[in-house]
Each structure stands twice: as C-alpha cells, then as structure tokens.
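Before any comments, here is the structure.
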Amino acid sequence: MGLWSKAFAAGYDRFMAASERDTFSPHRKTLLAGAGGDVIEIGGGTGANLALYDGVLASLTVTEPEEPMAKRLQRRADEVRPGTTVVRAPAEDLPFEGESFDVAVSTLVLCTVGDQPRALGELQRVLRPGGRLLFMEHVRSDDEKVARWQDRLMPLHKAFACGCRCNLSTLDGIRAAGFEVTELRHDTIAHAPAYVRPLIVGVAEKPA
C-alpha cells in the first residue's frame, strides 16, 4: 500500500466534488434506479453509489481492490446501507460463481482495471442470462485531436489518478465482450480537463 494510494483515497471525494455534483450524481441516480435483484458493483471506491440504490435489492455486493479505498467503502456501507457485502477483489478476478447476479454496476471503473477485456469477461461470467450491466465511464474522445492529447498525457494521468486510462475505447470493449448495448447517452464531465471530459452512460445486456 503506497502513500499515494492512501492520499488518493483520502482526497478523492473532495477532489471530485464539483464534477460529482454537476455530472456524475445525476447520472448515478438515473442509472441506479434500474438496479434490482442480486446486484454486484465493481470498484466501489468511496461508496458514492451506495445511498442511490432505490430499487428492491435482494442483495448488494461491492468489490474494491485497493485497501485504502476498501476501508473507506466499508465505513460508508456500514453508515448508509447495512447488509452490503464488501469484498476486496479486482474486477479481473471476481470470487463468485457464474450466473450469480442479475445486475452489474461499473461507474468510472473500466478505465482503471489492468485488463479491461478480462474484467468485462468476468462480468459476463457472473451475470445471469438476460442480466444487465449499468455503466458510466469516461472514454476515448471521438475528436481525433483530443484523442491524441489523451494518448500523450496518459502516462502522467495514469500515475496521478492511480491507474486511470481515460483513452480507452470502452464502448467497443463492452460490445466485444458479448454485451448488447440497449441504452446509451454521451456527456462531458464538468470541471474536468478537456482530455478527461468524454463520458458514456448506459445499459448493456447479457444475451438470454
């Protein structure tokens, strides 16, 4: 556990507050309104989604690979959603049996995983047939000039943001993993540098 990981976890909510207020939170509320049944959320971070699950959940399991974040996540879960199962595990290696969940949630996570295709494959594996992936991710820009800046700045950005790679074509990755995208919205992240702003929000289904 590095000092930067601890500092990043401690300061994350404050650093992201303006973007959370003006972009992420409204999308989270709309997206998570569709969650129900047995739900798995990967990369739960500091628990920004926990209070927003307003559907009927049979169970909620949230994973987080980083120890500093996992500790904050557990405290938040105890406060706002007792009964949540918090598991320290990477998205690329989920410790659950196949077809265990009805809904999977990924918000600002698929840019940080070390192996995105493997993580998406794991989500396919643990979802039941007809299960849904609810996602909100910042992604590679459709503007070639911005995309080139994303590529140039990514080594520095990745080091600063604890592994975030916002130049990935995540929508293509979701489709390549076998999901059918049924809802999709494009947006830009308020109060963020231009190269980080492109955002997609949507729903994808595992074939029944």
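Identifiers in this document derive from the order of the structure tokens: chains are assigned A, B, ..., residues are numbered from 1 separately in each chain, and ligands are numbered from 1 in order of occurrence.
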Where does region 91-121 of chain A meet region 176-197 of chain A within 7 Å, residue by residue, with the nearest atom pair and distance in Å to one decimal for each, counting only C-alpha atoms, listed by chain and rising number, as CSV?
residue,atom,partner,partner_atom,distance
A:Pro117,CA,A:Ala177,CA,6.8
A:Leu120,CA,A:Ala177,CA,6.1
A:Gly121,CA,A:Ala177,CA,6.0
List every residue of region 15-87 of chain A that has an atom at most 9 Å from any atom of region 125-143 of chain A, giving for each one its closest atom pair and the distance in Å to one decimal, counting only C-alpha atoms, sorted by chain and then by ascending residue number, as a Markdown table.
| residue | atom | partner | partner_atom | distance |
| --- | --- | --- | --- | --- |
| A:Phe24 | CA | A:Met136 | CA | 8.4 |
| A:His27 | CA | A:Met136 | CA | 7.8 |
| A:Arg28 | CA | A:Met136 | CA | 7.9 |
| A:Leu31 | CA | A:Leu134 | CA | 6.6 |
| A:Leu32 | CA | A:Leu134 | CA | 7.6 |
| A:Gly34 | CA | A:Leu134 | CA | 8.3 |
| A:Ala35 | CA | A:Leu134 | CA | 8.1 |
| A:Ile40 | CA | A:Val126 | CA | 8.9 |
Residue subset to file, keeping C-alpha atoms, as a CSV table (one decimal), in the first residue's frame:
chain,number,residue,atom,x,y,z
A,24,PHE,CA,-21.8,12.2,-12.0
A,27,HIS,CA,-26.3,10.1,-13.9
A,28,ARG,CA,-25.8,7.8,-11.0
A,31,LEU,CA,-28.8,4.7,-13.8
A,32,LEU,CA,-29.1,3.0,-10.4
A,34,GLY,CA,-32.9,0.4,-12.7
A,35,ALA,CA,-31.0,-1.9,-10.4
A,40,ILE,CA,-22.7,-6.6,-7.9
Residue nearest Gly43 (chain A) among A:Ser59, A:Thr112, A:Ser169, A:Gln124 (counting only C-alpha atoms): A:Thr112
I'd like to know which of A:Val86, A:Leu60, A:Ala70, A:Ile174 is closest to Asp102 (chain A), using only C-alpha atoms.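 For Asp102 (chain A), the nearest of the given residues is A:Leu60.
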Using DSSP on the backbone coordinates, identify all residues within region 3-203 of chain A classified as helix (DSSP H, G or I); present the result as a ChimeraX atom specification. /A:3-15,17-32,50-52,67-80,116-126,144-160,170-176,194-196
Pick from A:Gly173, A:Gly83, A:Pro65, A:Trp149, whichever lies nearest to Arg118 (chain A) using only C-alpha atoms: A:Gly173
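Shortest atom-to-atom contact with Asn167 (chain A) among A:Cys111, A:Ala17, A:Ala51, A:Ala119: A:Cys111, counting only C-alpha atoms.
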Tell me which of A:Ala89, A:Leu156, A:Ala77, A:Val203 sits closest to Leu52 (chain A), counting only C-alpha atoms.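 With only C-alpha atoms as the atom set, the closest residue is A:Ala77.
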